[in-house]
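Chemist: Right, I'll just put the structure down here and ask away after.
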Amino acid sequence: MSDDTVPEADRVTGAPHPRETEVLFGQASAEQDFLTAVNSHRLHHGWLITGPIGVGKATLAWRMARFLLATPLDDGAGLFGDPVPHTSLDVAPDHPVAHRLLARSEPGMFSITRSVNEKTGKLRDKIVVDDVRGLTHFLTMSSADGGRRVVIVDSADEMNVNAANALLKMLEEPPERTTMMLISHQPSRLLPTIRSRCRELRLHPLTPDDMHNALTQAGFEAAESPALAELAAGSVGEALRILQSDGLALYAELISLFATDQGFDRQRAINLSNAAVGPANADRFELLLTLIDLFLMRLARTGALGQPPAVEVAPNETQVLTRLAPHAQKARAWAAAAQEISDRTHHGKAVNLDPAALVLDTVFKIHQTSTA
């Protein structure tokens, strides 16, 4: 089903799709591991691409797919029959395969993501078995041309039990000339039998320079802030979410609640909670909960290490962290509070508690812990 009004499940809102991203920053080691397998003629049929959210896993998968589909099966023989090793996954933008992938018309490519529920017209929250069953038809129809076939599952974590079992059957009896790439943010949640049938490529958080380059490539020029890199923890996806919802200002406002002489600004807390109300602020609400988790983590780390993080993310953050977490005993209190707040937040969202009430309750809990 193709509907431009429904967002693509594997695209970050406001950012290019991974198939449109030509350069992958910061993951040269993983690219080289894949090229080594290609050059040794021991290309595994299943690849599990793992790592934190937003570090380039999907971009790598599409680069691998583009490379394989643009590389003939008999490629690699030199003038006298000697193998010519591949040194890059780059494919020229004007290559026919590159054009077909952008147009989503490449016959050798099949992508599995969360599909649209025809009853609601919205994306499902899981990859269902029918999404995987479509792969059987693709493999049958595409086998006649004798070329490579590539399958990307983004993300494998989102498969329900039936979908996972259906994919497992494909991995157990891999079709000829087919390479399957499974993107996973939490591989421990996958079936052990799926993990055992794939070779893992582990990606890592990006450095500030690589993150800046990746964000610039995605069209975001406001990416040079050390504070942004610190909050995003090496994840381009998280950095985009922070930029799009003005997350740096939101975090600064959170810090300001506890930067007063009295140690807590009640009116600002009420204003912050009211700013999370309504469907239009749904993304802001989710980001605020994430930023609260980060604030608590930075408090616990400050107390445990005896010093605040090197990068100050917001004005007065160093002073607030040092005052609220002066020693290891307080660090343990903040760690316990973080767990309690996380549990209460998940429960509140599950029972559709008013976002303003949930935020205000969370802020009051932080204040209570700070004065205990």
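Going by the structure tokens order, chains are called A, B, ..., each with residues numbered from 1, while ligands are numbered from 1 in the order shown.
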As a PyMOL selection string, please: the residues near A:Phe364 (cut-off 12 Å, only C-alpha atoms, same-chain neighbours under 3 positions excluded).
Modeler: chain A and resi 257-258+263-270+273+337+341+357-361+367-371
Chemist: Which residues are close to A:Ala356, i.e. within 7 Å by only C-alpha atoms, leaving aside same-chain residues fewer than 5 positions away? Reply as a PyMOL selection string.
Modeler: chain A and resi 273-274+276-277
Chemist: Could you list, as a PyMOL selection string, every residue within 10 Å of A:Ser225, counting only C-alpha atoms and ignoring same-chain residues fewer than 3 positions away?
Modeler: chain A and resi 208+212+222+228-230+248+313
Chemist: So which one's closest to A:Leu215, A:Asp343, A:Asp130, A:Glu106, A:Glu238? Using only C-alpha atoms, please.
Modeler: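 Closest candidate: A:Glu238.
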Chemist: If you run DSSP on the backbone here, which positions in stretch 34-278 of chain A get strand (DSSP E or B)? Please write them as number ranges by chain.
Modeler: A: 46-50, 77, 83, 109-112, 116-117, 122-123, 127, 149-154, 159, 178-184, 199-202
